[in-house]
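Asker: Structure supplied as run38.txt; contents: compact mmCIF, N, CA and C atoms and all ligand atoms.
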```txt
# COMPACT_ATOMS: atom_id res chain seq x y z
N MET A 182 -57.59 -13.07 13.46
CA MET A 182 -56.23 -13.28 12.92
C MET A 182 -56.26 -13.22 11.39
N HIS A 183 -56.78 -14.28 10.78
CA HIS A 183 -56.81 -14.36 9.33
C HIS A 183 -58.02 -13.59 8.81
N ASP A 184 -57.77 -12.62 7.93
CA ASP A 184 -58.84 -11.84 7.34
C ASP A 184 -59.09 -12.38 5.93
N PRO A 185 -60.24 -12.99 5.68
CA PRO A 185 -60.49 -13.65 4.39
C PRO A 185 -60.50 -12.69 3.20
N HIS A 186 -60.60 -11.38 3.48
CA HIS A 186 -60.62 -10.41 2.38
C HIS A 186 -59.26 -9.76 2.15
N CYS A 187 -58.27 -10.17 2.95
CA CYS A 187 -56.95 -9.52 2.89
C CYS A 187 -56.03 -10.26 1.94
N ILE A 188 -55.47 -9.55 0.98
CA ILE A 188 -54.62 -10.16 -0.03
C ILE A 188 -53.35 -10.76 0.60
N PHE A 189 -52.79 -10.10 1.62
CA PHE A 189 -51.57 -10.63 2.22
C PHE A 189 -51.88 -11.85 3.10
N CYS A 190 -53.04 -11.88 3.76
CA CYS A 190 -53.43 -13.10 4.48
C CYS A 190 -53.58 -14.26 3.50
N LYS A 191 -54.08 -13.97 2.31
CA LYS A 191 -54.23 -15.03 1.30
C LYS A 191 -52.86 -15.51 0.82
N ILE A 192 -51.90 -14.59 0.71
CA ILE A 192 -50.54 -14.99 0.33
C ILE A 192 -49.96 -15.91 1.40
N ILE A 193 -50.10 -15.54 2.67
CA ILE A 193 -49.59 -16.38 3.76
C ILE A 193 -50.23 -17.76 3.72
N ALA A 194 -51.53 -17.81 3.41
CA ALA A 194 -52.26 -19.08 3.38
C ALA A 194 -51.99 -19.88 2.11
N GLY A 195 -51.25 -19.29 1.17
CA GLY A 195 -50.95 -19.98 -0.08
C GLY A 195 -52.09 -19.94 -1.09
N GLN A 196 -53.08 -19.10 -0.83
CA GLN A 196 -54.23 -18.99 -1.74
C GLN A 196 -53.93 -18.07 -2.92
N ILE A 197 -52.92 -17.21 -2.76
CA ILE A 197 -52.41 -16.36 -3.83
C ILE A 197 -50.91 -16.63 -3.89
N PRO A 198 -50.37 -16.87 -5.09
CA PRO A 198 -48.94 -17.18 -5.18
C PRO A 198 -48.07 -15.98 -4.82
N SER A 199 -46.89 -16.27 -4.29
CA SER A 199 -45.92 -15.22 -4.03
C SER A 199 -44.53 -15.79 -4.25
N ASN A 200 -43.59 -14.88 -4.44
CA ASN A 200 -42.18 -15.26 -4.58
C ASN A 200 -41.56 -15.14 -3.19
N LYS A 201 -41.60 -16.23 -2.46
CA LYS A 201 -41.24 -16.22 -1.02
C LYS A 201 -39.74 -16.00 -0.81
N VAL A 202 -39.44 -15.18 0.17
CA VAL A 202 -38.06 -14.91 0.58
C VAL A 202 -37.75 -15.62 1.89
N TYR A 203 -38.73 -15.70 2.77
CA TYR A 203 -38.49 -16.21 4.13
C TYR A 203 -39.83 -16.53 4.78
N GLU A 204 -39.80 -17.51 5.67
CA GLU A 204 -40.99 -17.80 6.48
C GLU A 204 -40.58 -18.43 7.80
N ASP A 205 -41.22 -17.99 8.89
CA ASP A 205 -41.11 -18.71 10.16
C ASP A 205 -42.50 -18.72 10.80
N ASP A 206 -42.57 -19.03 12.08
CA ASP A 206 -43.88 -19.16 12.73
C ASP A 206 -44.68 -17.86 12.72
N GLU A 207 -43.95 -16.74 12.78
CA GLU A 207 -44.61 -15.45 12.98
C GLU A 207 -44.52 -14.49 11.80
N LEU A 208 -43.54 -14.72 10.93
CA LEU A 208 -43.27 -13.75 9.87
C LEU A 208 -43.21 -14.42 8.50
N TYR A 209 -43.49 -13.63 7.47
CA TYR A 209 -43.44 -14.10 6.09
C TYR A 209 -42.85 -12.97 5.25
N ALA A 210 -41.99 -13.31 4.32
CA ALA A 210 -41.39 -12.29 3.46
C ALA A 210 -41.47 -12.75 2.01
N PHE A 211 -41.71 -11.80 1.10
CA PHE A 211 -41.87 -12.13 -0.32
C PHE A 211 -41.53 -10.91 -1.16
N HIS A 212 -41.14 -11.18 -2.41
CA HIS A 212 -40.77 -10.09 -3.31
C HIS A 212 -42.00 -9.27 -3.71
N ASP A 213 -41.81 -7.96 -3.74
CA ASP A 213 -42.89 -7.07 -4.17
C ASP A 213 -43.19 -7.31 -5.64
N ILE A 214 -44.47 -7.36 -5.98
CA ILE A 214 -44.88 -7.65 -7.35
C ILE A 214 -44.60 -6.47 -8.28
N ASN A 215 -44.42 -5.30 -7.73
CA ASN A 215 -44.18 -4.08 -8.52
C ASN A 215 -42.96 -3.35 -7.95
N PRO A 216 -41.77 -3.95 -8.13
CA PRO A 216 -40.58 -3.44 -7.42
C PRO A 216 -40.18 -2.03 -7.85
N ILE A 217 -39.72 -1.25 -6.89
CA ILE A 217 -39.23 0.10 -7.17
C ILE A 217 -37.71 0.15 -7.14
N ALA A 218 -37.07 -1.00 -6.96
CA ALA A 218 -35.61 -1.12 -6.95
C ALA A 218 -35.27 -2.54 -7.40
N PRO A 219 -34.01 -2.79 -7.77
CA PRO A 219 -33.65 -4.13 -8.25
C PRO A 219 -33.97 -5.23 -7.23
N VAL A 220 -33.82 -4.93 -5.96
CA VAL A 220 -34.27 -5.84 -4.89
C VAL A 220 -35.34 -5.10 -4.09
N HIS A 221 -36.50 -5.70 -3.97
CA HIS A 221 -37.60 -5.07 -3.23
C HIS A 221 -38.50 -6.18 -2.70
N PHE A 222 -38.45 -6.36 -1.40
CA PHE A 222 -39.32 -7.37 -0.80
C PHE A 222 -40.06 -6.79 0.39
N LEU A 223 -41.07 -7.50 0.84
CA LEU A 223 -41.91 -7.08 1.96
C LEU A 223 -41.80 -8.11 3.07
N ILE A 224 -41.77 -7.66 4.30
CA ILE A 224 -41.85 -8.56 5.46
C ILE A 224 -43.17 -8.26 6.17
N ILE A 225 -43.93 -9.30 6.45
CA ILE A 225 -45.23 -9.12 7.10
C ILE A 225 -45.37 -10.07 8.27
N PRO A 226 -46.13 -9.67 9.29
CA PRO A 226 -46.48 -10.63 10.35
C PRO A 226 -47.57 -11.56 9.82
N LYS A 227 -47.53 -12.82 10.24
CA LYS A 227 -48.60 -13.75 9.82
C LYS A 227 -49.93 -13.34 10.46
N GLN A 228 -49.83 -12.79 11.64
CA GLN A 228 -51.03 -12.26 12.30
C GLN A 228 -51.49 -11.03 11.54
N HIS A 229 -52.77 -10.95 11.23
CA HIS A 229 -53.28 -9.77 10.53
C HIS A 229 -53.35 -8.56 11.47
N ILE A 230 -52.57 -7.53 11.14
CA ILE A 230 -52.65 -6.22 11.81
C ILE A 230 -52.84 -5.22 10.68
N ASP A 231 -53.86 -4.39 10.77
CA ASP A 231 -54.20 -3.49 9.66
C ASP A 231 -53.04 -2.58 9.25
N SER A 232 -52.38 -2.00 10.23
CA SER A 232 -51.30 -1.05 9.95
C SER A 232 -50.48 -0.86 11.21
N LEU A 233 -49.39 -0.11 11.08
CA LEU A 233 -48.57 0.19 12.26
C LEU A 233 -49.38 0.95 13.30
N ALA A 234 -50.33 1.74 12.84
CA ALA A 234 -51.17 2.51 13.76
C ALA A 234 -52.14 1.62 14.53
N HIS A 235 -52.32 0.39 14.06
CA HIS A 235 -53.22 -0.55 14.73
C HIS A 235 -52.47 -1.51 15.66
N ALA A 236 -51.15 -1.46 15.65
CA ALA A 236 -50.36 -2.33 16.52
C ALA A 236 -50.51 -1.84 17.97
N THR A 237 -50.51 -2.78 18.90
CA THR A 237 -50.66 -2.44 20.32
C THR A 237 -49.40 -2.84 21.08
N ALA A 238 -49.40 -2.57 22.36
CA ALA A 238 -48.25 -2.93 23.20
C ALA A 238 -48.00 -4.44 23.14
N ASP A 239 -49.05 -5.22 22.96
CA ASP A 239 -48.90 -6.68 22.86
C ASP A 239 -48.11 -7.10 21.61
N ASP A 240 -48.03 -6.20 20.65
CA ASP A 240 -47.36 -6.53 19.38
C ASP A 240 -45.89 -6.09 19.37
N GLU A 241 -45.40 -5.55 20.48
CA GLU A 241 -44.05 -4.97 20.46
C GLU A 241 -42.97 -5.99 20.14
N ALA A 242 -43.08 -7.19 20.71
CA ALA A 242 -42.07 -8.21 20.44
C ALA A 242 -42.09 -8.60 18.97
N LEU A 243 -43.30 -8.72 18.42
CA LEU A 243 -43.46 -9.07 17.01
C LEU A 243 -42.86 -7.98 16.11
N LEU A 244 -43.12 -6.73 16.46
CA LEU A 244 -42.56 -5.62 15.68
C LEU A 244 -41.04 -5.62 15.74
N GLY A 245 -40.50 -5.97 16.89
CA GLY A 245 -39.05 -6.05 17.03
C GLY A 245 -38.47 -7.14 16.14
N LYS A 246 -39.14 -8.27 16.08
CA LYS A 246 -38.67 -9.38 15.23
C LYS A 246 -38.74 -8.98 13.76
N LEU A 247 -39.83 -8.31 13.40
CA LEU A 247 -40.01 -7.88 12.01
C LEU A 247 -38.89 -6.94 11.59
N LEU A 248 -38.60 -5.98 12.44
CA LEU A 248 -37.54 -5.01 12.14
C LEU A 248 -36.17 -5.70 12.13
N GLY A 249 -35.97 -6.60 13.09
CA GLY A 249 -34.68 -7.28 13.20
C GLY A 249 -34.39 -8.21 12.04
N LEU A 250 -35.44 -8.69 11.40
CA LEU A 250 -35.25 -9.60 10.27
C LEU A 250 -34.79 -8.86 9.02
N ALA A 251 -35.12 -7.57 8.93
CA ALA A 251 -34.83 -6.80 7.71
C ALA A 251 -33.35 -6.85 7.30
N PRO A 252 -32.41 -6.53 8.18
CA PRO A 252 -31.00 -6.54 7.74
C PRO A 252 -30.50 -7.94 7.37
N ARG A 253 -31.03 -8.94 8.06
CA ARG A 253 -30.61 -10.32 7.75
C ARG A 253 -31.05 -10.71 6.33
N LEU A 254 -32.32 -10.47 6.02
CA LEU A 254 -32.82 -10.83 4.69
C LEU A 254 -32.21 -9.93 3.62
N ALA A 255 -32.01 -8.65 3.96
CA ALA A 255 -31.38 -7.73 3.00
C ALA A 255 -30.01 -8.26 2.59
N ALA A 256 -29.23 -8.71 3.56
CA ALA A 256 -27.90 -9.25 3.24
C ALA A 256 -28.03 -10.51 2.39
N GLU A 257 -28.99 -11.36 2.73
CA GLU A 257 -29.19 -12.59 1.94
C GLU A 257 -29.60 -12.28 0.51
N GLN A 258 -30.29 -11.15 0.32
CA GLN A 258 -30.75 -10.77 -1.02
C GLN A 258 -29.71 -9.93 -1.76
N GLY A 259 -28.53 -9.78 -1.17
CA GLY A 259 -27.42 -9.13 -1.87
C GLY A 259 -27.25 -7.65 -1.60
N LEU A 260 -28.03 -7.11 -0.66
CA LEU A 260 -27.94 -5.69 -0.35
C LEU A 260 -26.83 -5.47 0.67
N LYS A 261 -25.59 -5.72 0.24
CA LYS A 261 -24.44 -5.75 1.15
C LYS A 261 -24.06 -4.36 1.64
N ASN A 262 -24.33 -3.35 0.85
CA ASN A 262 -23.88 -1.99 1.19
C ASN A 262 -24.96 -1.15 1.86
N GLY A 263 -26.09 -1.77 2.13
CA GLY A 263 -27.16 -1.03 2.78
C GLY A 263 -28.46 -1.15 2.01
N PHE A 264 -29.50 -0.60 2.60
CA PHE A 264 -30.84 -0.76 2.01
C PHE A 264 -31.76 0.30 2.61
N LYS A 265 -32.89 0.47 1.97
CA LYS A 265 -33.92 1.38 2.48
C LYS A 265 -35.07 0.56 3.04
N THR A 266 -35.75 1.13 4.02
CA THR A 266 -36.96 0.51 4.56
C THR A 266 -38.08 1.56 4.56
N ALA A 267 -39.30 1.08 4.44
CA ALA A 267 -40.45 1.99 4.51
C ALA A 267 -41.65 1.23 5.09
N ILE A 268 -42.38 1.89 5.96
CA ILE A 268 -43.66 1.36 6.44
C ILE A 268 -44.69 2.45 6.17
N ASN A 269 -45.49 2.27 5.14
CA ASN A 269 -46.54 3.24 4.83
C ASN A 269 -47.73 2.96 5.75
N THR A 270 -48.23 4.01 6.36
CA THR A 270 -49.29 3.83 7.36
C THR A 270 -50.48 4.74 7.07
N GLY A 271 -51.61 4.12 6.80
CA GLY A 271 -52.84 4.86 6.56
C GLY A 271 -52.89 5.44 5.15
N ARG A 272 -54.09 5.84 4.75
CA ARG A 272 -54.27 6.41 3.40
C ARG A 272 -53.33 7.59 3.19
N GLY A 273 -53.21 8.44 4.21
CA GLY A 273 -52.35 9.62 4.09
C GLY A 273 -50.89 9.27 4.01
N GLY A 274 -50.54 8.05 4.45
CA GLY A 274 -49.16 7.59 4.38
C GLY A 274 -48.88 6.74 3.16
N GLY A 275 -49.86 6.69 2.26
CA GLY A 275 -49.67 5.94 1.02
C GLY A 275 -49.89 4.45 1.15
N GLN A 276 -50.49 4.02 2.25
CA GLN A 276 -50.73 2.58 2.42
C GLN A 276 -51.85 2.12 1.50
N GLU A 277 -51.59 1.06 0.74
CA GLU A 277 -52.59 0.51 -0.18
C GLU A 277 -53.09 -0.85 0.26
N VAL A 278 -52.23 -1.62 0.89
CA VAL A 278 -52.63 -2.93 1.41
C VAL A 278 -52.67 -2.83 2.93
N PHE A 279 -53.84 -3.05 3.49
CA PHE A 279 -54.02 -2.84 4.93
C PHE A 279 -53.77 -4.11 5.73
N HIS A 280 -52.55 -4.62 5.54
CA HIS A 280 -51.96 -5.66 6.37
C HIS A 280 -50.54 -5.17 6.58
N LEU A 281 -50.19 -4.89 7.82
CA LEU A 281 -48.89 -4.29 8.16
C LEU A 281 -47.75 -4.96 7.38
N HIS A 282 -46.90 -4.13 6.76
CA HIS A 282 -45.73 -4.66 6.04
C HIS A 282 -44.63 -3.61 6.04
N ILE A 283 -43.40 -4.11 6.01
CA ILE A 283 -42.24 -3.24 5.84
C ILE A 283 -41.63 -3.52 4.48
N HIS A 284 -41.41 -2.44 3.73
CA HIS A 284 -40.71 -2.55 2.45
C HIS A 284 -39.20 -2.55 2.74
N VAL A 285 -38.47 -3.44 2.11
CA VAL A 285 -37.01 -3.45 2.16
C VAL A 285 -36.54 -3.45 0.70
N PHE A 286 -35.73 -2.44 0.34
CA PHE A 286 -35.36 -2.34 -1.07
C PHE A 286 -34.01 -1.66 -1.23
N GLY A 287 -33.42 -1.91 -2.39
CA GLY A 287 -32.12 -1.30 -2.67
C GLY A 287 -31.44 -1.96 -3.85
N HIS A 288 -30.20 -1.55 -4.04
CA HIS A 288 -29.38 -2.04 -5.15
C HIS A 288 -28.32 -2.99 -4.60
N PRO A 289 -28.20 -4.18 -5.18
CA PRO A 289 -27.17 -5.11 -4.72
C PRO A 289 -25.79 -4.46 -4.84
N GLY A 290 -24.98 -4.61 -3.83
CA GLY A 290 -23.66 -3.96 -3.82
C GLY A 290 -22.53 -4.94 -4.05
P1 LIG B 301 -48.23 -0.05 0.42
O1 LIG B 301 -48.44 1.18 -0.41
O2 LIG B 301 -47.12 0.12 1.42
O3 LIG B 301 -49.51 -0.59 1.02
O4 LIG B 301 -47.64 -1.10 -0.61
C1 LIG B 301 -48.26 -2.30 -0.94
C2 LIG B 301 -47.25 -3.05 -1.78
O5 LIG B 301 -47.73 -4.36 -1.99
C3 LIG B 301 -47.00 -2.44 -3.17
O6 LIG B 301 -45.61 -2.14 -3.30
C4 LIG B 301 -47.45 -3.54 -4.12
O7 LIG B 301 -46.65 -3.61 -5.28
C5 LIG B 301 -47.34 -4.77 -3.27
N1 LIG B 301 -48.23 -5.85 -3.65
C6 LIG B 301 -49.57 -5.79 -3.85
N2 LIG B 301 -50.05 -7.00 -4.19
C7 LIG B 301 -48.99 -7.85 -4.17
C8 LIG B 301 -48.84 -9.24 -4.44
N3 LIG B 301 -49.88 -10.02 -4.77
N4 LIG B 301 -47.60 -9.78 -4.35
C9 LIG B 301 -46.54 -9.01 -4.04
N5 LIG B 301 -46.63 -7.70 -3.76
C10 LIG B 301 -47.83 -7.12 -3.83
ZN ZN B 302 -54.09 -9.73 6.40
```
The structure given in the file should be rewritten as structure tokens.
Answerer:
Amino acid sequence: MHDPHCIFCKIIAGQIPSNKVYEDDELYAFHDINPIAPVHFLIIPKQHIDSLAHATADDEALLGKLLGLAPRLAAEQGLKNGFKTAINTGRGGGQEVFHLHIHVFGHPG
């Protein structure tokens, strides 16, 4: 579950500070440290999964919750007119942190 070398696992554990947006038993959300839009946050599962390509059928409910949380938090963060999402997967997909995360970003409307 917890990978001691993973920066996002350390954020979940409070070992690295983050600007938290949301937390429940299974999910954690925080503002991206290098935002590409006025609002840019990440939603991650607390369970360490390397990438979307590493998710299994057992993770489907978790993936559904992660995706379903995006519009709710986007609205709370002021993205009333819509938002963009991205899940970078693998080196070829531009993934830099190998703990599954969805980017949610946009301009407050
Ligand atoms: P990706 O290319 O999808 O793996 O993106 C990783 C994202 O994590 C980048 O947008 C980084 O700016 C962000 N990031 C890396 N370290 C931190 C951190 N300590 N706190 C918040 N965001 C981070
Ligand atoms: Zn991790």
Asker: Could you please write out, as JSON, numbers by chain, every residue of range 205-287 of chain A that DSSP assigns to helix (DSSP H, G or I)?
Answerer: {"A": [233, 234, 235, 238, 239, 240, 241, 242, 243, 244, 245, 246, 247, 248, 249, 250, 251, 252, 253, 254, 255, 256, 257, 272, 273, 274]}
Asker: Quick one: residues within 10 Å of ligand LIG 301 (chain B), with only C-alpha atoms and all ligand atoms, as an NGL selection string?
Answerer: :A and (188-189 or 191-192 or 197-201 or 210-217 or 221-223 or 232 or 267-272 or 274-284)
Asker: Mind checking which residues fall within 12 Å of Asp205 in chain A, counting only C-alpha atoms, ignoring those fewer than 2 positions away in the same chain, and posting them as a PyMOL selection string?
Answerer: chain A and resi 193+201-203+207-210+224-227+246-247+250
Asker: Box for range 233-244 of chain A: with edges along x, y and z, all listed atoms inside and 3 Å added on each side, what are the centre and edge lengths in Å to one decimal, as JSON?
Answerer:
```
{"center_x": -47.1, "center_y": -3.3, "center_z": 17.1, "size_x": 18.2, "size_y": 17.6, "size_z": 18.1}
```
Asker: Quick one: residues within 6 Å of His288 in chain A, all atoms listed in the file counted, chain neighbours fewer than 3 positions away excluded, as a PDB file with N, CA and C atoms, in the frame of the given file?
Answerer:
```
ATOM      1  N   PRO A 219     -34.010  -2.790  -7.770  1.00  0.00           N
ATOM      2  CA  PRO A 219     -33.650  -4.130  -8.250  1.00  0.00           C
ATOM      3  C   PRO A 219     -33.970  -5.230  -7.230  1.00  0.00           C
ATOM      4  N   VAL A 220     -33.820  -4.930  -5.960  1.00  0.00           N
ATOM      5  CA  VAL A 220     -34.270  -5.840  -4.890  1.00  0.00           C
ATOM      6  C   VAL A 220     -35.340  -5.100  -4.090  1.00  0.00           C
ATOM      7  N   GLY A 259     -28.530  -9.780  -1.170  1.00  0.00           N
ATOM      8  CA  GLY A 259     -27.420  -9.130  -1.870  1.00  0.00           C
ATOM      9  C   GLY A 259     -27.250  -7.650  -1.600  1.00  0.00           C
ATOM     10  N   LEU A 260     -28.030  -7.110  -0.660  1.00  0.00           N
ATOM     11  CA  LEU A 260     -27.940  -5.690  -0.350  1.00  0.00           C
ATOM     12  C   LEU A 260     -26.830  -5.470   0.670  1.00  0.00           C
TER      13      LEU A 260
END
```
Asker: Counting only N, CA and C atoms and all ligand atoms, which of A:Asp231, A:Gly195, A:Gly273, A:Leu254 gets nearest to ligand ZN 302 (chain B)?
Answerer: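 Looking only at the distances to ligand ZN 302 (chain B), the closest residue turns out to be A:Asp231.
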Asker: Find, counting only N, CA and C atoms, the residue in A:Gly249, A:Ala255, A:Ala242, A:Ala218 that gets nearest to Gly287 in chain A.
Answerer: A:Ala218
Asker: For atom C of Gly245 in chain A and CA of Lys265 in chain A, quote the distance in Å rounded to one decimal.
Answerer: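 One can read the atom C of Gly245 in chain A to CA of Lys265 in chain A distance as 16.7 Å.
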Asker: Can you tell me how far atom C of Phe286 in chain A sits from CA of Leu244 in chain A, in Å to one decimal?
Answerer: 19.4 Å
Asker: Please rebuild range 247-271 of chain A with N, CA, C and O atoms and give the result as a tab-separated table (two decimals), keeping the file's coordinate frame.
Answerer:
```tsv
chain	number	residue	atom	x	y	z
A	247	LEU	N	-39.83	-8.31	13.40
A	247	LEU	CA	-40.01	-7.88	12.01
A	247	LEU	C	-38.89	-6.94	11.59
A	247	LEU	O	-38.26	-7.12	10.54
A	248	LEU	N	-38.60	-5.98	12.44
A	248	LEU	CA	-37.54	-5.01	12.14
A	248	LEU	C	-36.17	-5.70	12.13
A	248	LEU	O	-35.32	-5.42	11.28
A	249	GLY	N	-35.97	-6.60	13.09
A	249	GLY	CA	-34.68	-7.28	13.20
A	249	GLY	C	-34.39	-8.21	12.04
A	249	GLY	O	-33.22	-8.49	11.73
A	250	LEU	N	-35.44	-8.69	11.40
A	250	LEU	CA	-35.25	-9.60	10.27
A	250	LEU	C	-34.79	-8.86	9.02
A	250	LEU	O	-34.13	-9.45	8.14
A	251	ALA	N	-35.12	-7.57	8.93
A	251	ALA	CA	-34.83	-6.80	7.71
A	251	ALA	C	-33.35	-6.85	7.30
A	251	ALA	O	-33.05	-7.19	6.15
A	252	PRO	N	-32.41	-6.53	8.18
A	252	PRO	CA	-31.00	-6.54	7.74
A	252	PRO	C	-30.50	-7.94	7.37
A	252	PRO	O	-29.68	-8.08	6.46
A	253	ARG	N	-31.03	-8.94	8.06
A	253	ARG	CA	-30.61	-10.32	7.75
A	253	ARG	C	-31.05	-10.71	6.33
A	253	ARG	O	-30.25	-11.21	5.54
A	254	LEU	N	-32.32	-10.47	6.02
A	254	LEU	CA	-32.82	-10.83	4.69
A	254	LEU	C	-32.21	-9.93	3.62
A	254	LEU	O	-31.94	-10.38	2.50
A	255	ALA	N	-32.01	-8.65	3.96
A	255	ALA	CA	-31.38	-7.73	3.00
A	255	ALA	C	-30.01	-8.26	2.59
A	255	ALA	O	-29.67	-8.29	1.40
A	256	ALA	N	-29.23	-8.71	3.56
A	256	ALA	CA	-27.90	-9.25	3.24
A	256	ALA	C	-28.03	-10.51	2.39
A	256	ALA	O	-27.30	-10.68	1.40
A	257	GLU	N	-28.99	-11.36	2.73
A	257	GLU	CA	-29.19	-12.59	1.94
A	257	GLU	C	-29.60	-12.28	0.51
A	257	GLU	O	-29.30	-13.04	-0.41
A	258	GLN	N	-30.29	-11.15	0.32
A	258	GLN	CA	-30.75	-10.77	-1.02
A	258	GLN	C	-29.71	-9.93	-1.76
A	258	GLN	O	-29.99	-9.40	-2.84
A	259	GLY	N	-28.53	-9.78	-1.17
A	259	GLY	CA	-27.42	-9.13	-1.87
A	259	GLY	C	-27.25	-7.65	-1.60
A	259	GLY	O	-26.42	-7.00	-2.23
A	260	LEU	N	-28.03	-7.11	-0.66
A	260	LEU	CA	-27.94	-5.69	-0.35
A	260	LEU	C	-26.83	-5.47	0.67
A	260	LEU	O	-27.07	-5.08	1.82
A	261	LYS	N	-25.59	-5.72	0.24
A	261	LYS	CA	-24.44	-5.75	1.15
A	261	LYS	C	-24.06	-4.36	1.64
A	261	LYS	O	-23.48	-4.21	2.72
A	262	ASN	N	-24.33	-3.35	0.85
A	262	ASN	CA	-23.88	-1.99	1.19
A	262	ASN	C	-24.96	-1.15	1.86
A	262	ASN	O	-24.75	0.03	2.12
A	263	GLY	N	-26.09	-1.77	2.13
A	263	GLY	CA	-27.16	-1.03	2.78
A	263	GLY	C	-28.46	-1.15	2.01
A	263	GLY	O	-28.52	-1.72	0.91
A	264	PHE	N	-29.50	-0.60	2.60
A	264	PHE	CA	-30.84	-0.76	2.01
A	264	PHE	C	-31.76	0.30	2.61
A	264	PHE	O	-31.43	0.91	3.63
A	265	LYS	N	-32.89	0.47	1.97
A	265	LYS	CA	-33.92	1.38	2.48
A	265	LYS	C	-35.07	0.56	3.04
A	265	LYS	O	-35.34	-0.55	2.59
A	266	THR	N	-35.75	1.13	4.02
A	266	THR	CA	-36.96	0.51	4.56
A	266	THR	C	-38.08	1.56	4.56
A	266	THR	O	-37.81	2.76	4.65
A	267	ALA	N	-39.30	1.08	4.44
A	267	ALA	CA	-40.45	1.99	4.51
A	267	ALA	C	-41.65	1.23	5.09
A	267	ALA	O	-41.85	0.05	4.76
A	268	ILE	N	-42.38	1.89	5.96
A	268	ILE	CA	-43.66	1.36	6.44
A	268	ILE	C	-44.69	2.45	6.17
A	268	ILE	O	-44.73	3.47	6.88
A	269	ASN	N	-45.49	2.27	5.14
A	269	ASN	CA	-46.54	3.24	4.83
A	269	ASN	C	-47.73	2.96	5.75
A	269	ASN	O	-48.15	1.81	5.88
A	270	THR	N	-48.23	4.01	6.36
A	270	THR	CA	-49.29	3.83	7.36
A	270	THR	C	-50.48	4.74	7.07
A	270	THR	O	-50.33	5.97	7.05
A	271	GLY	N	-51.61	4.12	6.80
A	271	GLY	CA	-52.84	4.86	6.56
A	271	GLY	C	-52.89	5.44	5.15
A	271	GLY	O	-51.89	5.49	4.44
```
